[in-house]
There are 2 protein chains.
Amino acid sequence: MGTIDIDGNIQEATCKQELTAMRDSLEILGGKWKLMLLRYLSNRLEEKNTFKKIQREIEGLSAKMLAKELKDLELNLLISRSVINTKPVTVEYKVTSYGLNVLPLAENLVQWGLDHRAQIKR
Amino acid sequence: MGTIDIDGNIQEATCKQELTAMRDSLEILGGKWKLMLLRYLSNRLEEKNTFKKIQREIEGLSAKMLAKELKDLELNLLISRSVINTKPVTVEYKVTSYGLNVLPLAENLVQWGLDHRAQIKR
DNA sequence: GTAACCGGTAACTTAAAGGAAACTATCATA
DNA sequence: TATGATAGTTTCCTTTAAGTTACCGGTTAC
């Protein structure tokens with residue numbers, strides 16, 4: 001196992017680095033709404049996903065949480081935010097192409113959760 | 001996408017079920033120590049991993065948290081607990097074969113975390 | 001008899017996450 | 001002038017996750 005850096009060198013991660021990496025992942029993707037938002041936006045690439053639209057369509061998601069989660073995702077380059085000059089202004093959120101890379105991971109979690117529920121039932 | 005149940009039927013999951021599944025996964029695997037413990041035990045299949053040994057070797061992990069995380073993992077059939085009649089008694093924890101299935105998911109998280117750190121640096 | 005080892009538990013504290021409701025500011029329509 | 005839309009922010013509150021310290025019962029070695 002190893003990543004490849006800019007110069008093409010294999011980067012073997014130490015045990016501690018691996019742990020940090022895992023915690024990073026859980027911290028960045030792990031909130032209550034983050035993966036959900038990424039999946040939501042990934043499944044609506046052709047639509048104009050504004051703040052209010054997202055909030056209306058995801059039940060239970062408050063403005064405060066939505067604003068925070070969107071900010072976090074943007075900071076991590078997973079989504080983009082663009083202000084559009086309509087009146088009143090609208091703001092559109094999109095998954096970045098980099099953000100699309102998270103999807104397989106999210107689907108793995110979905111699948112594991114489904115399998116696990118079946119497993120526990122036995 | 002779909003799981004296969006006992007009778008071989010394809011189970012298509014609704015959107016809501018998928019979300020629940022994802023949250024289940026994060027809840028079951030998402031604590032501060034759970035995935036770390038699973039990886040720890042998975043890498044030490046040949047050793048006798050007792051409570052104290054684990055606590056000694058994982059720095060920062062208190063008895064309380066260790067006991068709690070082990071209980072949670074056991075409830076979810078991911079590890080097994082067996083009391084051994086030594087004096088004083090020791091308790092051995094092992095990953096179950098079912099628990100081993102979590103490893104790929106954990107490695108994905110590790111890999112994503114490493115890649116992401118590289119990505120953010122640019 | 002007392003100190004140390006094992007596998008925990010209980011009580012308390014702190015830090016972070018999350019939720020509800022009200023509020024801001026700008027513009028448009030009725 | 002009042003109402004409603006968009007995109008948030010602010011305040012207050014509750015819940016949850018996690019850490020700290022002290023302790024228990026049983027056993028053995030000194």
# chains A, B, ... in the order shown; residues from 1 in each chain; ligands from 1
call {"tool": "select_by_dssp", "arguments": {"residues": "chain B", "states": "helix (DSSP H, G or I)", "output": "VMD selection string"}}
result
chain B and resid 15 to 29 34 to 42 51 to 57 63 to 75 97 to 100 102 to 121
call {"tool": "calpha_fit_and_write", "arguments": {"fixed": "chain A", "moving": "chain B", "output": "mmCIF file with C-alpha atoms, in the first residue's frame"}}
result
data_model
loop_
_atom_site.group_PDB
_atom_site.id
_atom_site.type_symbol
_atom_site.label_atom_id
_atom_site.label_comp_id
_atom_site.auth_asym_id
_atom_site.auth_seq_id
_atom_site.Cartn_x
_atom_site.Cartn_y
_atom_site.Cartn_z
ATOM 1 C CA MET B 1 0.058 0.008 0.194
ATOM 2 C CA GLY B 2 1.322 3.463 -0.686
ATOM 3 C CA THR B 3 0.421 6.693 -2.392
ATOM 4 C CA ILE B 4 2.393 8.264 -5.161
ATOM 5 C CA ASP B 5 3.504 11.841 -4.775
ATOM 6 C CA ILE B 6 4.100 14.537 -7.369
ATOM 7 C CA ASP B 7 7.509 13.238 -8.297
ATOM 8 C CA GLY B 8 6.254 9.716 -8.710
ATOM 9 C CA ASN B 9 7.845 8.457 -5.536
ATOM 10 C CA ILE B 10 6.106 5.848 -3.511
ATOM 11 C CA GLN B 11 5.162 7.162 -0.114
ATOM 12 C CA GLU B 12 4.978 4.463 2.457
ATOM 13 C CA ALA B 13 2.925 5.649 5.350
ATOM 14 C CA THR B 14 3.928 4.808 8.886
ATOM 15 C CA CYS B 15 1.438 3.291 11.257
ATOM 16 C CA LYS B 16 0.874 6.633 12.923
ATOM 17 C CA GLN B 17 0.383 8.389 9.626
ATOM 18 C CA GLU B 18 -2.182 5.799 8.673
ATOM 19 C CA LEU B 19 -4.088 6.436 11.866
ATOM 20 C CA THR B 20 -4.000 10.161 11.322
ATOM 21 C CA ALA B 21 -5.187 9.618 7.791
ATOM 22 C CA MET B 22 -8.112 7.522 8.977
ATOM 23 C CA ARG B 23 -9.071 10.138 11.537
ATOM 24 C CA ASP B 24 -8.779 12.860 8.930
ATOM 25 C CA SER B 25 -11.199 10.988 6.723
ATOM 26 C CA LEU B 26 -13.687 10.485 9.496
ATOM 27 C CA GLU B 27 -13.419 14.090 10.543
ATOM 28 C CA ILE B 28 -13.843 15.474 7.042
ATOM 29 C CA LEU B 29 -16.568 13.101 5.889
ATOM 30 C CA GLY B 30 -18.049 12.088 9.178
ATOM 31 C CA GLY B 31 -20.507 14.772 10.236
ATOM 32 C CA LYS B 32 -24.196 14.054 10.281
ATOM 33 C CA TRP B 33 -24.852 15.626 6.902
ATOM 34 C CA LYS B 34 -21.615 15.695 4.926
ATOM 35 C CA LEU B 35 -21.736 12.424 3.054
ATOM 36 C CA MET B 36 -25.435 12.879 2.576
ATOM 37 C CA LEU B 37 -24.845 16.275 1.002
ATOM 38 C CA LEU B 38 -22.129 14.913 -1.247
ATOM 39 C CA ARG B 39 -24.403 12.155 -2.461
ATOM 40 C CA TYR B 40 -27.244 14.610 -2.870
ATOM 41 C CA LEU B 41 -25.187 16.935 -5.028
ATOM 42 C CA SER B 42 -23.606 14.080 -6.945
ATOM 43 C CA ASN B 43 -27.025 12.795 -7.942
ATOM 44 C CA ARG B 44 -28.120 16.240 -9.120
ATOM 45 C CA LEU B 45 -25.283 17.349 -11.339
ATOM 46 C CA GLU B 46 -27.677 18.801 -13.902
ATOM 47 C CA GLU B 47 -29.750 20.801 -11.464
ATOM 48 C CA LYS B 48 -29.147 24.200 -9.978
ATOM 49 C CA ASN B 49 -28.730 23.372 -6.329
ATOM 50 C CA THR B 50 -29.267 26.509 -4.305
ATOM 51 C CA PHE B 51 -29.100 26.889 -0.545
ATOM 52 C CA LYS B 52 -32.852 27.034 -0.099
ATOM 53 C CA LYS B 53 -33.523 24.191 -2.504
ATOM 54 C CA ILE B 54 -31.160 21.923 -0.637
ATOM 55 C CA GLN B 55 -32.640 22.912 2.683
ATOM 56 C CA ARG B 56 -36.170 22.340 1.445
ATOM 57 C CA GLU B 57 -35.387 18.927 0.036
ATOM 58 C CA ILE B 58 -33.357 17.500 2.897
ATOM 59 C CA GLU B 59 -35.707 17.104 5.789
ATOM 60 C CA GLY B 60 -34.454 17.983 9.214
ATOM 61 C CA LEU B 61 -31.515 19.994 7.969
ATOM 62 C CA SER B 62 -31.438 23.457 9.534
ATOM 63 C CA ALA B 63 -29.963 26.559 7.912
ATOM 64 C CA LYS B 64 -27.214 26.652 10.466
ATOM 65 C CA MET B 65 -26.083 23.098 9.903
ATOM 66 C CA LEU B 66 -26.396 23.393 6.154
ATOM 67 C CA ALA B 67 -24.267 26.531 6.107
ATOM 68 C CA LYS B 68 -21.654 24.918 8.306
ATOM 69 C CA GLU B 69 -21.460 21.651 6.410
ATOM 70 C CA LEU B 70 -21.289 23.414 3.058
ATOM 71 C CA LYS B 71 -18.462 25.596 4.345
ATOM 72 C CA ASP B 72 -16.527 22.577 5.569
ATOM 73 C CA LEU B 73 -16.987 20.721 2.305
ATOM 74 C CA GLU B 74 -15.918 23.764 0.329
ATOM 75 C CA LEU B 75 -12.797 24.211 2.449
ATOM 76 C CA ASN B 76 -11.868 20.663 1.574
ATOM 77 C CA LEU B 77 -12.376 21.330 -2.125
ATOM 78 C CA LEU B 78 -15.168 18.795 -2.338
ATOM 79 C CA ILE B 79 -17.824 21.264 -3.475
ATOM 80 C CA SER B 80 -17.833 24.678 -5.090
ATOM 81 C CA ARG B 81 -19.902 27.720 -4.194
ATOM 82 C CA SER B 82 -20.899 30.355 -6.703
ATOM 83 C CA VAL B 83 -22.991 33.446 -6.129
ATOM 84 C CA ILE B 84 -25.349 34.190 -8.983
ATOM 85 C CA ASN B 85 -26.610 37.688 -9.755
ATOM 86 C CA THR B 86 -30.297 36.991 -9.676
ATOM 87 C CA LYS B 87 -32.661 39.129 -7.638
ATOM 88 C CA PRO B 88 -32.686 38.125 -4.912
ATOM 89 C CA VAL B 89 -29.251 36.581 -5.183
ATOM 90 C CA THR B 90 -28.998 32.817 -5.276
ATOM 91 C CA VAL B 91 -25.990 30.699 -4.459
ATOM 92 C CA GLU B 92 -25.294 27.502 -6.301
ATOM 93 C CA TYR B 93 -23.426 24.553 -4.877
ATOM 94 C CA LYS B 94 -21.833 21.820 -6.991
ATOM 95 C CA VAL B 95 -19.679 18.818 -6.315
ATOM 96 C CA THR B 96 -16.220 19.313 -7.725
ATOM 97 C CA SER B 97 -14.710 16.600 -9.875
ATOM 98 C CA TYR B 98 -12.408 15.933 -6.960
ATOM 99 C CA GLY B 99 -15.416 15.591 -4.684
ATOM 100 C CA LEU B 100 -16.843 12.911 -6.939
ATOM 101 C CA ASN B 101 -14.007 10.668 -5.781
ATOM 102 C CA VAL B 102 -15.699 10.366 -2.427
ATOM 103 C CA LEU B 103 -18.719 8.616 -3.912
ATOM 104 C CA PRO B 104 -17.261 5.088 -4.000
ATOM 105 C CA LEU B 105 -16.350 5.421 -0.352
ATOM 106 C CA ALA B 106 -19.857 6.567 0.476
ATOM 107 C CA GLU B 107 -21.349 3.682 -1.470
ATOM 108 C CA ASN B 108 -19.123 1.270 0.420
ATOM 109 C CA LEU B 109 -20.510 2.606 3.656
ATOM 110 C CA VAL B 110 -24.053 2.259 2.358
ATOM 111 C CA GLN B 111 -23.400 -1.285 1.256
ATOM 112 C CA TRP B 112 -21.705 -2.256 4.495
ATOM 113 C CA GLY B 113 -24.581 -0.792 6.490
ATOM 114 C CA LEU B 114 -27.138 -2.755 4.466
ATOM 115 C CA ASP B 115 -25.173 -5.982 4.728
ATOM 116 C CA HIS B 116 -24.610 -5.483 8.405
ATOM 117 C CA ARG B 117 -28.280 -4.981 9.119
ATOM 118 C CA ALA B 118 -28.965 -8.258 7.359
ATOM 119 C CA GLN B 119 -26.168 -9.938 9.303
ATOM 120 C CA ILE B 120 -27.410 -8.732 12.682
ATOM 121 C CA LYS B 121 -30.948 -9.924 12.006
ATOM 122 C CA ARG B 122 -29.878 -13.562 11.949
#
call {"tool": "atom_distance", "arguments": {"atom1": "atom C1' of D:DT15", "atom2": "atom C1' of C:DT24"}}
result
28.5 Å
call {"tool": "interface_residues", "arguments": {"of": "chain C", "to": "chain A", "cutoff": "8 Å", "atoms": "only C-alpha atoms (C1' of nucleotides)", "output": "PyMOL selection string"}}
result
chain C and resi 18-19+26-28
call {"tool": "write_last_selection", "arguments": {"atoms": "C-alpha atoms (C1' of nucleotides)", "output": "mmCIF file, in the first residue's frame"}}
result
data_model
loop_
_atom_site.group_PDB
_atom_site.id
_atom_site.type_symbol
_atom_site.label_atom_id
_atom_site.label_comp_id
_atom_site.auth_asym_id
_atom_site.auth_seq_id
_atom_site.Cartn_x
_atom_site.Cartn_y
_atom_site.Cartn_z
ATOM 1 C "C1'" DG C 18 -26.331 19.437 16.953
ATOM 2 C "C1'" DG C 19 -31.077 21.678 17.058
ATOM 3 C "C1'" DT C 26 -31.104 43.021 -0.014
ATOM 4 C "C1'" DC C 27 -34.308 43.187 -3.522
ATOM 5 C "C1'" DA C 28 -39.153 42.578 -5.695
#
call {"tool": "interface_residues", "arguments": {"of": "chain D", "to": "chain A", "cutoff": "7 Å", "atoms": "only C-alpha atoms (C1' of nucleotides)", "output": "VMD selection string"}}
result
chain D and resid 5 to 7
call {"tool": "atom_distance", "arguments": {"atom1": "atom C1' of C:DA4", "atom2": "atom C1' of D:DA22"}}
result
17.2 Å
call {"tool": "residues_around", "arguments": {"residues": "C:DT2", "least_positions_apart": "2", "cutoff": "12 Å", "atoms": "only C-alpha atoms (C1' of nucleotides)", "output": "list in words"}}
result
DA4 of chain C; DT28, DA29 and DC30 of chain D
call {"tool": "decode", "arguments": {"residues": "chain D", "atoms": "N, CA and C atoms (P, O5', C5', C4', C3', O3' and C1' of nucleotides)", "output": "tab-separated table (two decimals), in the first residue's frame"}}
result
chain	number	residue	atom	x	y	z
D	1	DT	P	-44.10	53.78	4.24
D	1	DT	O5'	-45.28	53.53	5.28
D	1	DT	C5'	-46.62	53.34	4.70
D	1	DT	C4'	-46.93	51.86	4.53
D	1	DT	C3'	-46.08	50.91	5.36
D	1	DT	O3'	-46.95	49.96	5.96
D	1	DT	C1'	-46.11	50.19	3.11
D	2	DA	P	-46.44	49.19	7.30
D	2	DA	O5'	-46.85	47.70	6.88
D	2	DA	C5'	-48.07	47.48	6.18
D	2	DA	C4'	-47.95	46.22	5.33
D	2	DA	C3'	-47.22	45.05	6.02
D	2	DA	O3'	-47.96	43.87	5.81
D	2	DA	C1'	-46.26	45.46	3.92
D	3	DT	P	-47.55	42.55	6.60
D	3	DT	O5'	-47.28	41.53	5.41
D	3	DT	C5'	-48.01	41.60	4.18
D	3	DT	C4'	-47.32	40.71	3.14
D	3	DT	C3'	-46.58	39.53	3.77
D	3	DT	O3'	-46.91	38.33	3.08
D	3	DT	C1'	-45.12	40.75	2.36
D	4	DG	P	-46.33	36.94	3.70
D	4	DG	O5'	-45.31	36.49	2.56
D	4	DG	C5'	-45.64	36.68	1.19
D	4	DG	C4'	-44.39	36.49	0.35
D	4	DG	C3'	-43.50	35.36	0.89
D	4	DG	O3'	-43.10	34.51	-0.19
D	4	DG	C1'	-42.23	37.33	0.65
D	5	DA	P	-42.43	33.07	0.20
D	5	DA	O5'	-41.02	33.11	-0.52
D	5	DA	C5'	-40.94	33.33	-1.93
D	5	DA	C4'	-39.58	33.89	-2.26
D	5	DA	C3'	-38.43	33.10	-1.64
D	5	DA	O3'	-37.89	32.17	-2.59
D	5	DA	C1'	-38.12	35.48	-1.43
D	6	DT	P	-36.84	31.13	-2.11
D	6	DT	O5'	-35.44	31.90	-2.06
D	6	DT	C5'	-34.90	32.49	-3.22
D	6	DT	C4'	-33.60	33.18	-2.86
D	6	DT	C3'	-32.63	32.25	-2.15
D	6	DT	O3'	-31.40	32.16	-2.85
D	6	DT	C1'	-32.91	34.30	-0.94
D	7	DA	P	-30.39	31.01	-2.42
D	7	DA	O5'	-29.60	31.68	-1.21
D	7	DA	C5'	-28.71	32.75	-1.48
D	7	DA	C4'	-28.02	33.20	-0.20
D	7	DA	C3'	-27.41	32.04	0.61
D	7	DA	O3'	-26.13	32.41	1.09
D	7	DA	C1'	-28.81	33.31	1.96
D	8	DG	P	-25.06	31.28	1.33
D	8	DG	O5'	-25.69	30.53	2.62
D	8	DG	C5'	-25.18	30.69	3.93
D	8	DG	C4'	-25.56	32.04	4.53
D	8	DG	C3'	-25.12	32.17	5.97
D	8	DG	O3'	-23.87	32.85	6.01
D	8	DG	C1'	-27.32	33.09	5.58
D	9	DT	P	-22.99	32.62	7.32
D	9	DT	O5'	-23.76	33.45	8.45
D	9	DT	C5'	-23.80	34.88	8.35
D	9	DT	C4'	-24.39	35.44	9.63
D	9	DT	C3'	-23.65	35.03	10.91
D	9	DT	O3'	-23.46	36.20	11.68
D	9	DT	C1'	-25.97	34.52	11.08
D	10	DT	P	-22.54	36.13	12.99
D	10	DT	O5'	-23.63	36.04	14.17
D	10	DT	C5'	-24.73	36.92	14.15
D	10	DT	C4'	-25.65	36.62	15.33
D	10	DT	C3'	-24.93	36.10	16.58
D	10	DT	O3'	-25.28	36.91	17.68
D	10	DT	C1'	-26.76	34.68	16.01
D	11	DT	P	-24.53	36.75	19.10
D	11	DT	O5'	-25.65	36.08	20.01
D	11	DT	C5'	-27.01	36.48	19.87
D	11	DT	C4'	-27.93	35.47	20.56
D	11	DT	C3'	-27.30	34.83	21.81
D	11	DT	O3'	-28.17	35.01	22.92
D	11	DT	C1'	-28.27	33.18	20.39
D	12	DC	P	-27.64	34.65	24.41
D	12	DC	O5'	-28.54	33.39	24.76
D	12	DC	C5'	-29.91	33.35	24.34
D	12	DC	C4'	-30.40	31.92	24.31
D	12	DC	C3'	-29.94	31.07	25.51
D	12	DC	O3'	-31.08	30.50	26.15
D	12	DC	C1'	-29.57	29.91	23.48
D	13	DC	P	-30.85	29.77	27.59
D	13	DC	O5'	-31.00	28.23	27.22
D	13	DC	C5'	-32.12	27.78	26.46
D	13	DC	C4'	-31.81	26.43	25.84
D	13	DC	C3'	-31.26	25.38	26.83
D	13	DC	O3'	-32.32	24.48	27.18
D	13	DC	C1'	-30.16	25.32	24.69
D	14	DT	P	-31.94	23.26	28.20
D	14	DT	O5'	-31.65	22.04	27.21
D	14	DT	C5'	-32.50	21.81	26.09
D	14	DT	C4'	-31.97	20.63	25.29
D	14	DT	C3'	-31.61	19.42	26.16
D	14	DT	O3'	-32.17	18.26	25.54
D	14	DT	C1'	-29.73	20.07	24.85
D	15	DT	P	-31.97	16.82	26.23
D	15	DT	O5'	-30.85	16.14	25.34
D	15	DT	C5'	-30.91	16.28	23.91
D	15	DT	C4'	-29.62	15.78	23.31
D	15	DT	C3'	-29.15	14.44	23.88
D	15	DT	O3'	-29.03	13.56	22.77
D	15	DT	C1'	-27.36	16.02	23.80
D	16	DT	P	-28.74	12.01	22.98
D	16	DT	O5'	-27.17	11.90	22.70
D	16	DT	C5'	-26.66	12.47	21.50
D	16	DT	C4'	-25.16	12.56	21.57
D	16	DT	C3'	-24.49	11.28	22.05
D	16	DT	O3'	-23.74	10.81	20.95
D	16	DT	C1'	-23.51	13.22	23.01
D	17	DA	P	-22.74	9.52	21.06
D	17	DA	O5'	-21.31	10.17	21.33
D	17	DA	C5'	-20.82	11.17	20.44
D	17	DA	C4'	-19.41	11.54	20.84
D	17	DA	C3'	-18.55	10.34	21.20
D	17	DA	O3'	-17.31	10.50	20.53
D	17	DA	C1'	-18.60	11.88	23.02
D	18	DA	P	-16.14	9.43	20.68
D	18	DA	O5'	-15.32	9.98	21.91
D	18	DA	C5'	-14.84	11.33	21.88
D	18	DA	C4'	-14.26	11.68	23.21
D	18	DA	C3'	-13.30	10.65	23.81
D	18	DA	O3'	-12.01	11.22	23.77
D	18	DA	C1'	-14.76	11.61	25.45
D	19	DG	P	-10.73	10.45	24.34
D	19	DG	O5'	-10.55	11.09	25.80
D	19	DG	C5'	-10.30	12.49	25.90
D	19	DG	C4'	-10.23	12.89	27.35
D	19	DG	C3'	-9.27	12.05	28.20
D	19	DG	O3'	-8.43	12.94	28.95
D	19	DG	C1'	-11.39	12.15	29.25
D	20	DT	P	-7.39	12.33	30.00
D	20	DT	O5'	-8.22	12.34	31.36
D	20	DT	C5'	-8.87	13.53	31.79
D	20	DT	C4'	-8.95	13.58	33.31
D	20	DT	C3'	-7.87	12.78	34.04
D	20	DT	O3'	-7.43	13.55	35.16
D	20	DT	C1'	-10.04	11.88	34.58
D	21	DT	P	-6.21	13.02	36.09
D	21	DT	O5'	-6.92	12.38	37.35
D	21	DT	C5'	-8.02	13.04	37.96
D	21	DT	C4'	-8.80	12.07	38.83
D	21	DT	C3'	-7.93	11.09	39.63
D	21	DT	O3'	-7.99	11.46	41.01
D	21	DT	C1'	-9.87	10.04	38.70
D	22	DA	P	-7.13	10.60	42.11
D	22	DA	O5'	-8.23	9.62	42.70
D	22	DA	C5'	-9.56	10.08	42.91
D	22	DA	C4'	-10.49	8.88	43.05
D	22	DA	C3'	-9.94	7.77	43.95
D	22	DA	O3'	-10.83	7.57	45.05
D	22	DA	C1'	-10.85	6.89	41.93
D	23	DC	P	-10.40	6.50	46.23
D	23	DC	O5'	-11.11	5.13	45.77
D	23	DC	C5'	-12.51	5.11	45.59
D	23	DC	C4'	-12.91	3.88	44.81
D	23	DC	C3'	-12.53	2.55	45.47
D	23	DC	O3'	-13.65	2.02	46.14
D	23	DC	C1'	-12.26	2.55	43.06
D	24	DC	P	-13.36	0.75	47.12
D	24	DC	O5'	-13.86	-0.47	46.25
D	24	DC	C5'	-15.08	-0.39	45.52
D	24	DC	C4'	-15.26	-1.67	44.72
D	24	DC	C3'	-14.76	-2.89	45.48
D	24	DC	O3'	-15.81	-3.82	45.66
D	24	DC	C1'	-13.81	-2.81	43.28
D	25	DG	P	-15.63	-4.97	46.79
D	25	DG	O5'	-15.23	-6.23	45.90
D	25	DG	C5'	-16.04	-6.61	44.80
D	25	DG	C4'	-15.37	-7.74	44.05
D	25	DG	C3'	-14.82	-8.82	44.99
D	25	DG	O3'	-15.12	-10.09	44.44
D	25	DG	C1'	-13.08	-7.94	43.63
D	26	DG	P	-14.85	-11.40	45.33
D	26	DG	O5'	-13.55	-12.02	44.66
D	26	DG	C5'	-13.60	-12.40	43.28
D	26	DG	C4'	-12.20	-12.61	42.76
D	26	DG	C3'	-11.35	-13.57	43.62
D	26	DG	O3'	-11.00	-14.70	42.83
D	26	DG	C1'	-10.14	-11.62	42.98
D	27	DT	P	-10.14	-15.91	43.54
D	27	DT	O5'	-8.64	-15.50	43.22
D	27	DT	C5'	-8.20	-15.45	41.86
D	27	DT	C4'	-6.73	-15.02	41.82
D	27	DT	C3'	-5.80	-15.89	42.66
D	27	DT	O3'	-4.87	-16.53	41.79
D	27	DT	C1'	-5.36	-13.57	42.94
D	28	DT	P	-3.94	-17.77	42.34
D	28	DT	O5'	-2.51	-17.08	42.45
D	28	DT	C5'	-2.00	-16.34	41.34
D	28	DT	C4'	-0.91	-15.39	41.81
D	28	DT	C3'	0.18	-16.07	42.65
D	28	DT	O3'	1.43	-15.70	42.12
D	28	DT	C1'	-0.54	-14.08	43.68
D	29	DA	P	2.68	-16.75	42.25
D	29	DA	O5'	3.93	-15.79	42.21
D	29	DA	C5'	3.79	-14.46	41.66
D	29	DA	C4'	4.50	-13.45	42.57
D	29	DA	C3'	5.69	-13.99	43.33
D	29	DA	O3'	6.78	-13.09	43.19
D	29	DA	C1'	4.20	-12.94	44.83
D	30	DC	P	8.20	-13.39	43.82
D	30	DC	O5'	8.23	-12.43	45.10
D	30	DC	C5'	8.10	-11.01	44.92
D	30	DC	C4'	8.02	-10.30	46.27
D	30	DC	C3'	9.15	-10.66	47.24
D	30	DC	O3'	9.81	-9.46	47.67
D	30	DC	C1'	7.04	-10.81	48.33
